[in-house]
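**Q** This is model-v7.txt, which holds compact mmCIF, C-alpha atoms:
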# COMPACT_ATOMS: atom_id res chain seq x y z
CA MET A 1 28.99 -86.18 -60.12
CA ASN A 2 26.92 -89.34 -60.65
CA PRO A 3 23.23 -88.37 -60.23
CA ALA A 4 22.70 -91.67 -58.42
CA ASN A 5 24.92 -90.36 -55.59
CA ARG A 6 22.92 -87.17 -55.19
CA VAL A 7 21.35 -86.69 -51.78
CA GLU A 8 17.72 -85.93 -52.52
CA PHE A 9 15.57 -83.66 -50.37
CA THR A 10 12.66 -85.98 -49.57
CA LYS A 11 9.21 -85.51 -48.04
CA ASP A 12 10.36 -86.74 -44.62
CA MET A 13 12.89 -83.87 -44.51
CA LYS A 14 10.17 -81.21 -44.25
CA ASP A 15 11.39 -80.33 -40.73
CA TYR A 16 14.92 -79.54 -41.98
CA THR A 17 16.31 -76.01 -41.78
CA ILE A 18 17.01 -74.84 -45.33
CA LEU A 19 19.85 -72.33 -45.63
CA ALA A 20 19.68 -69.90 -48.55
CA PRO A 21 22.23 -67.32 -49.75
CA ASN A 22 20.93 -63.77 -49.60
CA MET A 23 21.05 -61.43 -52.60
CA ALA A 24 18.49 -58.62 -53.00
CA ASP A 25 17.50 -58.14 -49.36
CA ILE A 26 13.96 -56.79 -49.86
CA HIS A 27 12.98 -59.35 -52.49
CA PHE A 28 14.58 -62.30 -50.72
CA SER A 29 13.03 -61.41 -47.36
CA ILE A 30 9.58 -61.71 -48.94
CA LEU A 31 10.61 -64.90 -50.77
CA SER A 32 11.82 -66.60 -47.58
CA ASN A 33 8.47 -65.81 -45.94
CA ILE A 34 6.68 -67.40 -48.90
CA PHE A 35 8.55 -70.67 -48.46
CA GLY A 36 7.59 -70.62 -44.78
CA GLN A 37 3.91 -70.54 -45.76
CA TYR A 38 4.36 -73.90 -47.51
CA GLY A 39 5.94 -75.55 -44.50
CA TYR A 40 9.60 -75.00 -45.35
CA LYS A 41 11.86 -73.54 -42.68
CA VAL A 42 14.07 -71.26 -44.78
CA GLU A 43 16.76 -69.05 -43.26
CA LEU A 44 18.50 -66.32 -45.27
CA LEU A 45 22.22 -66.29 -44.54
CA ARG A 46 23.85 -63.03 -43.53
CA ASN A 47 27.25 -64.35 -42.41
CA GLU A 48 30.07 -62.53 -44.17
CA GLY A 49 33.68 -61.46 -43.78
CA ARG A 50 36.99 -62.95 -44.80
CA ALA A 51 36.04 -66.36 -43.39
CA VAL A 52 33.41 -66.76 -46.12
CA VAL A 53 35.93 -65.97 -48.87
CA ASP A 54 38.51 -68.31 -47.35
CA GLU A 55 36.03 -71.18 -47.16
CA GLY A 56 35.19 -70.64 -50.82
CA LEU A 57 38.86 -70.61 -51.79
CA LYS A 58 39.41 -73.81 -49.83
CA TYR A 59 36.84 -75.82 -51.77
CA VAL A 60 36.38 -74.02 -55.11
CA HIS A 61 39.06 -73.51 -57.76
CA ASN A 62 40.13 -69.87 -57.74
CA ASP A 63 39.55 -69.63 -61.51
CA THR A 64 35.84 -70.16 -60.90
CA CYS A 65 33.68 -67.04 -61.00
CA TYR A 66 33.56 -65.01 -57.81
CA PRO A 67 29.79 -65.40 -57.16
CA ALA A 68 30.16 -69.21 -57.09
CA LEU A 69 33.08 -68.96 -54.70
CA LEU A 70 31.16 -66.63 -52.37
CA VAL A 71 27.88 -68.55 -52.35
CA ILE A 72 29.60 -71.88 -51.68
CA GLY A 73 31.88 -70.28 -49.08
CA GLN A 74 28.92 -68.69 -47.30
CA LEU A 75 26.99 -71.97 -47.16
CA ILE A 76 29.92 -74.01 -45.84
CA ASP A 77 30.87 -71.27 -43.36
CA ALA A 78 27.31 -71.45 -42.01
CA LEU A 79 27.54 -75.23 -41.63
CA ASN A 80 30.86 -74.80 -39.82
CA SER A 81 29.38 -72.25 -37.40
CA GLY A 82 27.81 -74.85 -35.11
CA LYS A 83 24.45 -73.03 -35.22
CA TYR A 84 22.79 -75.79 -37.20
CA ASP A 85 22.33 -79.54 -36.87
CA VAL A 86 24.09 -80.59 -40.08
CA ASN A 87 22.05 -83.80 -40.12
CA LYS A 88 18.86 -81.74 -40.17
CA THR A 89 19.96 -79.04 -42.61
CA ALA A 90 19.52 -78.60 -46.36
CA LEU A 91 20.77 -75.94 -48.75
CA PHE A 92 19.05 -73.84 -51.43
CA ILE A 93 20.83 -72.83 -54.63
CA THR A 94 19.45 -71.44 -57.89
CA GLN A 95 20.07 -72.83 -61.36
CA SER A 96 19.47 -70.54 -64.32
CA GLY A 97 19.64 -73.26 -66.96
CA GLY A 98 21.37 -70.93 -69.42
CA GLY A 99 24.90 -70.60 -70.71
CA CYS A 100 26.13 -68.98 -67.49
CA ARG A 101 28.26 -71.14 -65.22
CA ALA A 102 25.67 -70.46 -62.51
CA SER A 103 23.90 -73.57 -63.80
CA ASN A 104 26.88 -75.61 -62.57
CA TYR A 105 27.15 -74.08 -59.09
CA ILE A 106 25.09 -76.92 -57.68
CA HIS A 107 27.63 -79.54 -58.78
CA LEU A 108 30.51 -77.46 -57.41
CA LEU A 109 28.62 -77.11 -54.13
CA ARG A 110 28.03 -80.84 -53.78
CA LYS A 111 31.68 -81.53 -54.49
CA ALA A 112 32.68 -78.94 -51.88
CA LEU A 113 30.28 -80.43 -49.32
CA ARG A 114 31.82 -83.88 -49.70
CA LYS A 115 35.32 -82.46 -49.27
CA ALA A 116 34.22 -80.53 -46.17
CA GLY A 117 32.65 -83.62 -44.60
CA TYR A 118 29.03 -82.62 -45.20
CA GLY A 119 28.17 -85.10 -47.94
CA GLN A 120 24.92 -85.98 -46.18
CA VAL A 121 23.51 -82.45 -46.60
CA PRO A 122 20.92 -82.32 -49.41
CA VAL A 123 21.03 -79.47 -51.92
CA ILE A 124 17.77 -78.22 -53.39
CA SER A 125 17.89 -76.78 -56.90
CA LEU A 126 15.62 -73.76 -57.21
CA ASN A 127 14.85 -73.60 -60.92
CA LEU A 128 11.94 -73.30 -63.32
CA SER A 129 13.56 -75.35 -66.08
CA GLY A 130 13.08 -78.84 -64.66
CA LEU A 131 16.85 -79.30 -64.29
CA GLU A 132 16.53 -81.19 -61.01
CA LYS A 133 13.58 -82.41 -58.97
CA ASN A 134 13.24 -83.26 -55.29
CA SER A 135 10.28 -85.24 -53.96
CA GLY A 136 10.25 -83.10 -50.81
CA PHE A 137 10.21 -79.73 -52.58
CA LYS A 138 7.92 -78.68 -55.37
CA ILE A 139 7.09 -75.27 -56.77
CA ARG A 140 3.31 -75.10 -56.99
CA ILE A 141 1.51 -72.63 -59.22
CA SER A 142 0.43 -70.51 -56.26
CA MET A 143 4.00 -70.48 -54.95
CA ALA A 144 5.38 -69.45 -58.35
CA LEU A 145 2.85 -66.59 -58.58
CA LYS A 146 3.79 -65.40 -55.10
CA MET A 147 7.48 -65.59 -55.99
CA LEU A 148 6.89 -63.43 -59.08
CA SER A 149 4.81 -61.06 -56.96
CA ALA A 150 7.70 -60.79 -54.48
CA VAL A 151 9.93 -59.59 -57.32
CA ILE A 152 7.31 -57.06 -58.46
CA TYR A 153 6.72 -55.63 -54.99
CA GLY A 154 10.43 -55.78 -54.18
CA ASP A 155 11.36 -53.79 -57.29
CA LEU A 156 8.95 -50.95 -56.49
CA ILE A 157 9.87 -50.82 -52.80
CA MET A 158 13.60 -50.82 -53.62
CA MET A 159 13.15 -48.07 -56.22
CA LEU A 160 11.15 -45.85 -53.87
CA LYS A 161 13.35 -46.48 -50.83
CA ASN A 162 16.49 -45.55 -52.77
CA GLN A 163 14.94 -42.28 -53.92
CA VAL A 164 13.53 -41.30 -50.51
CA GLU A 165 16.17 -42.43 -48.00
CA PRO A 166 18.94 -39.96 -49.03
CA TYR A 167 16.57 -37.02 -48.48
CA GLU A 168 14.40 -38.10 -45.53
CA VAL A 169 13.97 -35.56 -42.75
CA ASN A 170 13.58 -38.23 -40.07
CA VAL A 171 16.40 -40.73 -40.45
CA GLY A 172 15.11 -44.30 -40.58
CA ASP A 173 11.64 -43.55 -41.99
CA ALA A 174 12.32 -45.25 -45.34
CA LYS A 175 13.83 -48.38 -43.75
CA ALA A 176 10.94 -48.68 -41.30
CA LEU A 177 8.37 -48.33 -44.09
CA THR A 178 10.27 -50.87 -46.20
CA GLN A 179 10.09 -53.42 -43.36
CA LYS A 180 6.41 -52.65 -42.81
CA TRP A 181 5.63 -53.43 -46.44
CA ILE A 182 7.68 -56.65 -46.32
CA ASP A 183 5.62 -57.73 -43.31
CA ASP A 184 2.28 -56.59 -44.78
CA ILE A 185 2.85 -58.29 -48.14
CA SER A 186 3.94 -61.50 -46.42
CA ALA A 187 0.79 -61.37 -44.26
CA LEU A 188 -1.38 -60.95 -47.36
CA PHE A 189 0.27 -63.97 -48.97
CA ARG A 190 -0.42 -66.05 -45.86
CA LYS A 191 -4.12 -65.24 -46.28
CA GLY A 192 -4.01 -66.26 -49.94
CA LYS A 193 -4.26 -62.67 -51.12
CA GLY A 194 -2.09 -60.05 -52.82
CA PHE A 195 -0.63 -62.06 -55.71
CA SER A 196 -3.29 -61.95 -58.41
CA TYR A 197 -2.85 -59.49 -61.28
CA PHE A 198 -5.62 -57.13 -60.16
CA GLU A 199 -4.63 -57.26 -56.48
CA ILE A 200 -1.06 -56.36 -57.39
CA LYS A 201 -2.29 -53.53 -59.62
CA LYS A 202 -4.29 -52.14 -56.68
CA ILE A 203 -1.58 -52.48 -54.02
CA LEU A 204 1.35 -51.04 -55.99
CA PRO A 205 0.07 -47.40 -55.98
CA GLU A 206 -0.65 -47.73 -52.25
CA ILE A 207 3.02 -48.50 -51.70
CA THR A 208 4.04 -45.43 -53.70
CA LYS A 209 1.61 -43.22 -51.75
CA THR A 210 3.16 -44.18 -48.40
CA PHE A 211 6.69 -43.46 -49.59
CA ALA A 212 5.58 -40.14 -51.12
CA GLU A 213 4.23 -39.13 -47.70
CA ILE A 214 7.65 -39.42 -45.99
CA PRO A 215 8.95 -35.89 -45.25
CA VAL A 216 12.02 -35.15 -47.38
CA ASN A 217 14.48 -32.33 -47.90
CA LYS A 218 15.48 -32.35 -51.57
CA VAL A 219 19.07 -31.15 -51.34
CA ASP A 220 21.54 -31.61 -54.18
CA LYS A 221 22.94 -35.16 -54.33
CA ILE A 222 25.19 -37.02 -56.73
CA LYS A 223 23.11 -39.64 -58.54
CA VAL A 224 24.81 -43.00 -59.02
CA GLY A 225 23.60 -46.06 -60.90
CA VAL A 226 24.77 -49.60 -60.14
CA VAL A 227 24.94 -52.34 -62.78
CA GLY A 228 26.83 -55.59 -63.25
CA GLU A 229 26.56 -59.34 -62.80
CA ILE A 230 23.26 -60.02 -61.06
CA TYR A 231 24.60 -61.49 -57.80
CA VAL A 232 27.39 -58.96 -57.28
CA LYS A 233 25.07 -56.09 -58.25
CA TYR A 234 22.55 -56.90 -55.52
CA SER A 235 24.41 -58.82 -52.81
CA PRO A 236 25.97 -56.74 -49.99
CA LEU A 237 28.28 -59.69 -49.29
CA ALA A 238 29.58 -59.69 -52.85
CA ASN A 239 29.87 -55.92 -53.39
CA ASN A 240 31.08 -55.01 -49.90
CA HIS A 241 27.88 -53.15 -49.03
CA LEU A 242 28.18 -50.89 -52.07
CA GLU A 243 24.78 -49.23 -51.66
CA GLU A 244 25.48 -48.38 -48.02
CA PHE A 245 28.87 -46.94 -48.95
CA LEU A 246 27.42 -44.74 -51.69
CA PHE A 247 24.70 -43.59 -49.31
CA SER A 248 27.37 -42.68 -46.74
CA GLN A 249 29.07 -40.58 -49.41
CA GLY A 250 25.95 -38.47 -49.88
CA CYS A 251 24.66 -40.17 -53.04
CA GLU A 252 21.28 -41.20 -54.35
CA VAL A 253 21.58 -44.73 -55.70
CA ASN A 254 19.64 -46.34 -58.54
CA VAL A 255 19.81 -50.14 -58.86
CA PRO A 256 17.72 -51.51 -61.77
CA GLY A 257 15.09 -54.02 -60.66
CA LEU A 258 14.90 -57.79 -61.01
CA LEU A 259 11.80 -57.76 -63.20
CA GLY A 260 13.83 -56.45 -66.14
CA PHE A 261 16.15 -59.46 -65.80
CA ILE A 262 13.17 -61.83 -65.76
CA LEU A 263 11.79 -60.15 -68.90
CA PHE A 264 15.24 -60.50 -70.48
CA LYS A 265 15.37 -64.22 -69.69
CA ALA A 266 11.88 -64.84 -71.06
CA ASP A 267 12.55 -62.73 -74.15
CA ASN A 268 15.71 -64.74 -74.83
CA ARG A 269 13.57 -67.81 -75.51
CA LEU A 270 11.80 -65.89 -78.26
CA GLU A 271 15.11 -64.62 -79.63
CA ASP A 272 16.37 -68.22 -79.78
CA ILE A 273 13.33 -69.23 -81.82
CA LYS A 274 13.78 -66.22 -84.11
CA LEU A 275 17.48 -66.97 -84.67
CA TYR A 276 17.52 -70.76 -84.69
CA GLY A 277 13.93 -71.87 -85.11
CA GLY A 278 11.75 -73.75 -82.64
CA LYS A 279 8.38 -75.30 -81.95
CA LEU A 280 5.28 -73.14 -82.27
CA PRO A 281 3.75 -74.18 -78.90
CA LYS A 282 6.88 -72.96 -77.11
CA LYS A 283 6.78 -69.71 -79.06
CA TRP A 284 3.10 -69.14 -78.19
CA LEU A 285 3.74 -69.93 -74.51
CA MET A 286 6.64 -67.49 -74.29
CA GLN A 287 4.61 -64.80 -76.09
CA VAL A 288 1.91 -65.17 -73.42
CA VAL A 289 4.55 -64.98 -70.66
CA MET A 290 6.06 -61.84 -72.22
CA TRP A 291 2.60 -60.29 -72.56
CA TYR A 292 1.86 -60.90 -68.87
CA LEU A 293 5.26 -59.67 -67.69
CA THR A 294 5.03 -56.56 -69.88
CA LYS A 295 1.56 -55.73 -68.51
CA THR A 296 2.87 -56.23 -64.99
CA GLU A 297 5.90 -54.04 -65.66
CA ALA A 298 3.55 -51.29 -66.88
CA ASN A 299 1.65 -51.52 -63.58
CA VAL A 300 4.87 -51.06 -61.62
CA LEU A 301 5.93 -48.04 -63.68
CA ASN A 302 2.46 -46.47 -63.56
CA ALA A 303 2.32 -46.98 -59.80
CA ALA A 304 5.67 -45.20 -59.39
CA LYS A 305 4.23 -42.23 -61.31
CA ALA A 306 1.00 -42.13 -59.30
CA TYR A 307 2.29 -40.07 -56.36
CA GLY A 308 5.21 -37.77 -55.72
CA SER A 309 7.89 -36.96 -58.27
CA PHE A 310 9.86 -40.19 -58.46
CA ASN A 311 12.32 -40.96 -61.24
CA VAL A 312 10.70 -43.82 -63.17
CA PRO A 313 12.73 -46.08 -65.50
CA GLU A 314 11.77 -46.71 -69.09
CA PRO A 315 10.00 -49.99 -69.97
CA TYR A 316 11.94 -53.05 -71.09
CA ALA A 317 10.82 -52.75 -74.72
CA HIS A 318 12.11 -49.17 -74.91
CA ILE A 319 15.60 -49.93 -73.61
CA LYS A 320 15.85 -53.03 -75.80
CA ALA A 321 15.01 -51.04 -78.94
CA LYS A 322 17.55 -48.36 -78.03
CA CYS A 323 20.29 -50.85 -77.11
CA ASN A 324 19.84 -52.81 -80.33
CA LYS A 325 21.48 -49.90 -82.11
CA ILE A 326 24.84 -50.83 -80.61
CA ILE A 327 24.61 -54.49 -79.55
CA GLY A 328 22.54 -57.39 -80.86
CA ALA A 329 19.75 -59.14 -78.97
CA GLY A 330 21.55 -62.43 -79.60
CA CYS A 331 24.21 -61.38 -77.07
CA LYS A 332 22.51 -63.01 -74.11
CA MET A 333 25.04 -64.93 -72.00
CA GLY A 334 24.96 -63.83 -68.38
CA GLU A 335 23.33 -60.39 -68.29
CA GLY A 336 24.01 -59.99 -72.03
CA TRP A 337 22.90 -56.84 -73.81
CA LEU A 338 20.67 -55.95 -70.84
CA LEU A 339 23.68 -54.78 -68.84
CA THR A 340 24.67 -52.35 -71.60
CA ALA A 341 21.04 -51.24 -71.93
CA GLU A 342 20.82 -50.54 -68.21
CA MET A 343 23.84 -48.25 -68.42
CA MET A 344 22.24 -46.41 -71.36
CA GLU A 345 18.95 -46.04 -69.50
CA LEU A 346 20.71 -44.80 -66.35
CA ALA A 347 22.71 -42.23 -68.30
CA GLU A 348 19.56 -40.92 -69.96
CA SER A 349 17.67 -40.78 -66.66
CA GLY A 350 20.15 -38.45 -64.98
CA TYR A 351 22.28 -41.16 -63.34
CA CYS A 352 25.35 -40.45 -65.45
CA ASN A 353 27.69 -41.75 -62.74
CA ILE A 354 27.71 -45.53 -62.92
CA VAL A 355 29.46 -48.26 -60.96
CA CYS A 356 29.83 -51.42 -63.05
CA THR A 357 30.41 -54.35 -60.69
CA GLN A 358 32.76 -56.79 -62.40
CA PRO A 359 33.14 -60.20 -60.67
CA PHE A 360 36.26 -62.20 -61.39
CA GLY A 361 35.72 -65.00 -63.88
CA CYS A 362 32.57 -63.57 -65.52
CA LEU A 363 33.70 -63.11 -69.12
CA PRO A 364 30.28 -62.13 -70.58
CA ASN A 365 29.94 -59.42 -67.93
CA HIS A 366 33.30 -57.92 -68.84
CA ILE A 367 32.38 -57.82 -72.54
CA VAL A 368 28.95 -56.18 -72.16
CA GLY A 369 30.08 -54.06 -69.20
CA LYS A 370 33.66 -52.86 -69.28
CA GLY A 371 33.91 -53.62 -73.01
CA MET A 372 31.07 -51.21 -73.87
CA ILE A 373 32.28 -48.20 -71.85
CA ARG A 374 34.10 -46.59 -74.79
CA LYS A 375 30.99 -46.78 -77.00
CA LEU A 376 28.81 -45.43 -74.22
CA LYS A 377 31.19 -42.52 -73.69
CA GLU A 378 30.77 -41.66 -77.38
CA LEU A 379 26.98 -41.66 -77.06
CA TYR A 380 26.90 -40.00 -73.62
CA PRO A 381 29.97 -37.76 -73.24
CA GLN A 382 29.11 -36.88 -69.66
CA SER A 383 28.75 -40.50 -68.55
CA ASN A 384 31.15 -41.25 -65.72
CA ILE A 385 31.51 -45.04 -65.56
CA VAL A 386 33.88 -46.91 -63.27
CA PRO A 387 34.28 -50.72 -63.50
CA ILE A 388 35.07 -52.17 -60.07
CA ASP A 389 36.59 -55.65 -59.87
CA TYR A 390 35.29 -57.95 -57.14
CA ASP A 391 37.44 -60.99 -56.49
CA PRO A 392 39.13 -62.79 -53.55
CA GLY A 393 42.26 -60.64 -53.82
CA ALA A 394 40.57 -57.24 -54.19
CA THR A 395 40.53 -55.11 -51.05
CA ARG A 396 37.53 -53.09 -49.96
CA VAL A 397 39.72 -50.03 -49.42
CA ASN A 398 40.96 -50.13 -53.01
CA GLN A 399 37.42 -50.54 -54.35
CA GLU A 400 36.09 -47.64 -52.29
CA ASN A 401 39.00 -45.40 -53.24
CA ARG A 402 38.25 -45.97 -56.93
CA ILE A 403 34.60 -45.14 -56.32
CA LYS A 404 35.61 -41.99 -54.41
CA LEU A 405 37.65 -40.93 -57.44
CA MET A 406 34.59 -41.46 -59.63
CA LEU A 407 32.53 -39.32 -57.23
CA ALA A 408 35.20 -36.60 -57.30
CA ILE A 409 34.92 -36.52 -61.09
CA ALA A 410 31.13 -36.40 -60.75
CA LYS A 411 31.40 -33.27 -58.63
CA GLU A 412 33.68 -31.66 -61.20
CA ASN A 413 31.25 -32.54 -63.99
CA LYS A 414 28.37 -30.78 -62.28
CA ALA A 415 27.16 -27.96 -64.50
CA PRO A 416 24.18 -25.58 -64.60
CA ALA A 417 22.46 -27.64 -67.31
CA ASP A 418 18.90 -28.32 -66.14
CA PHE A 419 16.57 -30.05 -68.55
CA SER A 420 12.94 -29.31 -67.86
CA ASP A 421 11.89 -32.95 -68.07
CA GLY A 422 14.69 -34.12 -65.78
CA PHE A 423 16.06 -36.48 -68.42
CA CYS A 424 19.18 -36.44 -70.53
CA ASP A 425 18.53 -37.97 -73.94
CA GLU A 426 21.09 -38.71 -76.62
CA GLU A 427 20.71 -35.42 -78.47
CA LYS A 428 20.93 -33.28 -75.35
CA CYS A 429 23.75 -35.31 -73.86
CA ALA A 430 25.83 -34.98 -77.01
CA SER A 431 25.52 -31.21 -77.03
CA CYS A 432 25.59 -30.12 -73.39
CA GLN A 433 28.54 -29.53 -71.08
CA GLY A 434 27.11 -31.28 -68.09
CA CYS A 435 24.45 -33.60 -66.75
CA ASN A 436 21.84 -32.85 -64.11
CA GLY A 437 22.65 -36.23 -62.56
Before we go any further, please render this structure as structure tokens.
**A**
Amino acid sequence: MNPANRVEFTKDMKDYTILAPNMADIHFSILSNIFGQYGYKVELLRNEGRAVVDEGLKYVHNDTCYPALLVIGQLIDALNSGKYDVNKTALFITQSGGGCRASNYIHLLRKALRKAGYGQVPVISLNLSGLEKNSGFKIRISMALKMLSAVIYGDLIMMLKNQVEPYEVNVGDAKALTQKWIDDISALFRKGKGFSYFEIKKILPEITKTFAEIPVNKVDKIKVGVVGEIYVKYSPLANNHLEEFLFSQGCEVNVPGLLGFILFKADNRLEDIKLYGGKLPKKWLMQVVMWYLTKTEANVLNAAKAYGSFNVPEPYAHIKAKCNKIIGAGCKMGEGWLLTAEMMELAESGYCNIVCTQPFGCLPNHIVGKGMIRKLKELYPQSNIVPIDYDPGATRVNQENRIKLMLAIAKENKAPADFSDGFCDEEKCASCQGCNG
């Protein structure tokens, strides 16, 4: 598309309703509230069903990756709903700026909008790489810090909620507390508080304390980890409410947080300089970013250890060092080596049963996900990994039946092995007959 024909989101469009695809519900709920504090009326979309898929198929080539098809289908389905004045509506979409085709979603979306008769609707690129700029939307430093804080708080809340909800004595306690923290954090942001390094460090343990106080009944549950392409891993629309389904099957679910992905993306810049060379100022800047993110990650992990007996993941540096034994750090398209590393970390943390969400059209994801299962089985004999394909032709019933088969195998694999530290490392996993996960 000719950039000159792009409909720009200008300053006089501040009163527009901006529609945004949802992904990680806790994180994105806080993010949408942040945009509201800067005068933007952002609405997270929750429309789903076959109509969304059909709209995507109508305007996006079916060889395009499934996340693109879903996001574009959801946005156009919302415009078709009649709920919004299409002449007073704009759309949000992210651009990663990397080798993933996600960087091109915005061009596919604009093409789809013209075909659907909504060529006047502006599309705002949400990116930190300067790929596109709009005079009516700018990410200020305070906004960027709040956005990063939303990821940090969201990761801890998601981790704690997933470990408490399956065991809560009073059904609904974990969800209610999750919503309370979303509201409280958003209120702090509105007052200009809660997003500095030391404020975050103080608040994180308070979050853990409240979740640790929820009455629980620690009965035996099958522990399941979820990995995959970032959108399909987190989005209920894309994965057919996978977390809810696993919860209904009596499982405890572990979904790795978003901060690890952000660390991975920042670290990739340093890997590029190491492999191909680069300017020193860029290297120094990214080293500072990595230092800050690593310190912040340590605060999250320490906060999770502060109260209760929560299962706390290993830091980014640890899983990178371990994963480098089987896959190089230069493998960074899409989720790259991080996806493999997450499966290794889950297997060692007692979550030996893993659902790998595989969206159609995502070649990197298939290589570092499904393509690494054989090697992972060699390292972790009791790992029980099932790749689930998500595409326009895949039925929910078929997906859930395959997951039920994985859960049946998980029950068979249960053995009396009980490691005192609750973890299953490589040496133990190679020698035991079962996994406490």
**Q** So, with all atoms listed in the file as the atoms that count, which of A:Phe360, A:Phe35, A:Tyr153, A:Tyr40 lies closest to A:Val232?
**A**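 Nearest candidate to A:Val232 out of A:Phe360, A:Phe35, A:Tyr153, A:Tyr40: A:Phe360.
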**Q** Just the residues within 8 Å of stretch 310-321 of chain A, please, counting only C-alpha atoms, with nothing from its chain fewer than 4 positions along; format it as a ChimeraX atom specification.
**A** /A:160,163,260,263,294,297-298,301,304-305,325,329,338,341-342,344-345,349
**Q** Those same residues, written as a PDB file, in the frame of the given file with C-alpha atoms?
**A**
ATOM      1  CA  LEU A 160      11.150 -45.850 -53.870  1.00  0.00           C
ATOM      2  CA  GLN A 163      14.940 -42.280 -53.920  1.00  0.00           C
ATOM      3  CA  GLY A 260      13.830 -56.450 -66.140  1.00  0.00           C
ATOM      4  CA  LEU A 263      11.790 -60.150 -68.900  1.00  0.00           C
ATOM      5  CA  THR A 294       5.030 -56.560 -69.880  1.00  0.00           C
ATOM      6  CA  GLU A 297       5.900 -54.040 -65.660  1.00  0.00           C
ATOM      7  CA  ALA A 298       3.550 -51.290 -66.880  1.00  0.00           C
ATOM      8  CA  LEU A 301       5.930 -48.040 -63.680  1.00  0.00           C
ATOM      9  CA  ALA A 304       5.670 -45.200 -59.390  1.00  0.00           C
ATOM     10  CA  LYS A 305       4.230 -42.230 -61.310  1.00  0.00           C
ATOM     11  CA  LYS A 325      21.480 -49.900 -82.110  1.00  0.00           C
ATOM     12  CA  ALA A 329      19.750 -59.140 -78.970  1.00  0.00           C
ATOM     13  CA  LEU A 338      20.670 -55.950 -70.840  1.00  0.00           C
ATOM     14  CA  ALA A 341      21.040 -51.240 -71.930  1.00  0.00           C
ATOM     15  CA  GLU A 342      20.820 -50.540 -68.210  1.00  0.00           C
ATOM     16  CA  MET A 344      22.240 -46.410 -71.360  1.00  0.00           C
ATOM     17  CA  GLU A 345      18.950 -46.040 -69.500  1.00  0.00           C
ATOM     18  CA  SER A 349      17.670 -40.780 -66.660  1.00  0.00           C
TER      19      SER A 349
END
**Q** Near A:Ile157, within 12 Å and counting all atoms listed in the file, which residues show up once chain neighbours fewer than 2 positions away are dropped, as an MDAnalysis selection string?
**A** chainID A and resid 24:27 30 150:155 159:165 174:182 185 203:212 255:258 300:301 303:304
**Q** Point out the residue among A:Met143, A:Leu379, A:Leu275, A:Val288 with the least atom-to-atom distance to A:Cys331, counting only C-alpha atoms.
**A**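 Distance minimum relative to A:Cys331 lands on A:Leu275.
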**Q** Give me, please, the distance in Å between atom CA of A:Gln95 and atom CA of A:Asn127, quoted to one decimal.
**A**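 Spanning atom CA of A:Gln95 to atom CA of A:Asn127 is a straight-line distance of 5.3 Å.
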**Q** Between A:Asn217, A:Thr296, A:Gln358, A:Ser235, single out the one closest to A:Tyr197, counting all atoms listed in the file.
**A** A:Thr296
**Q** So how far away is atom CA of A:Leu293 from atom CA of A:Ile262, in Å?
**A**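 According to the coordinates, atom CA of A:Ile262 and atom CA of A:Leu293 are separated by 8.4 Å.
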**Q** Hey, what's within 8 Å of A:Val42 if we count all atoms listed in the file and toss same-chain stuff fewer than 3 positions away? As a ChimeraX atom specification, please?
**A** /A:17-20,32-33,35-36
**Q** In the coordinate frame of the file, compute which residues have an atom within 10 Å of (24.4, -78.0, -55.6) when using only C-alpha atoms, and state them as an MDAnalysis selection string.
**A** chainID A and resid 6:7 72 91:95 103:113 122:126
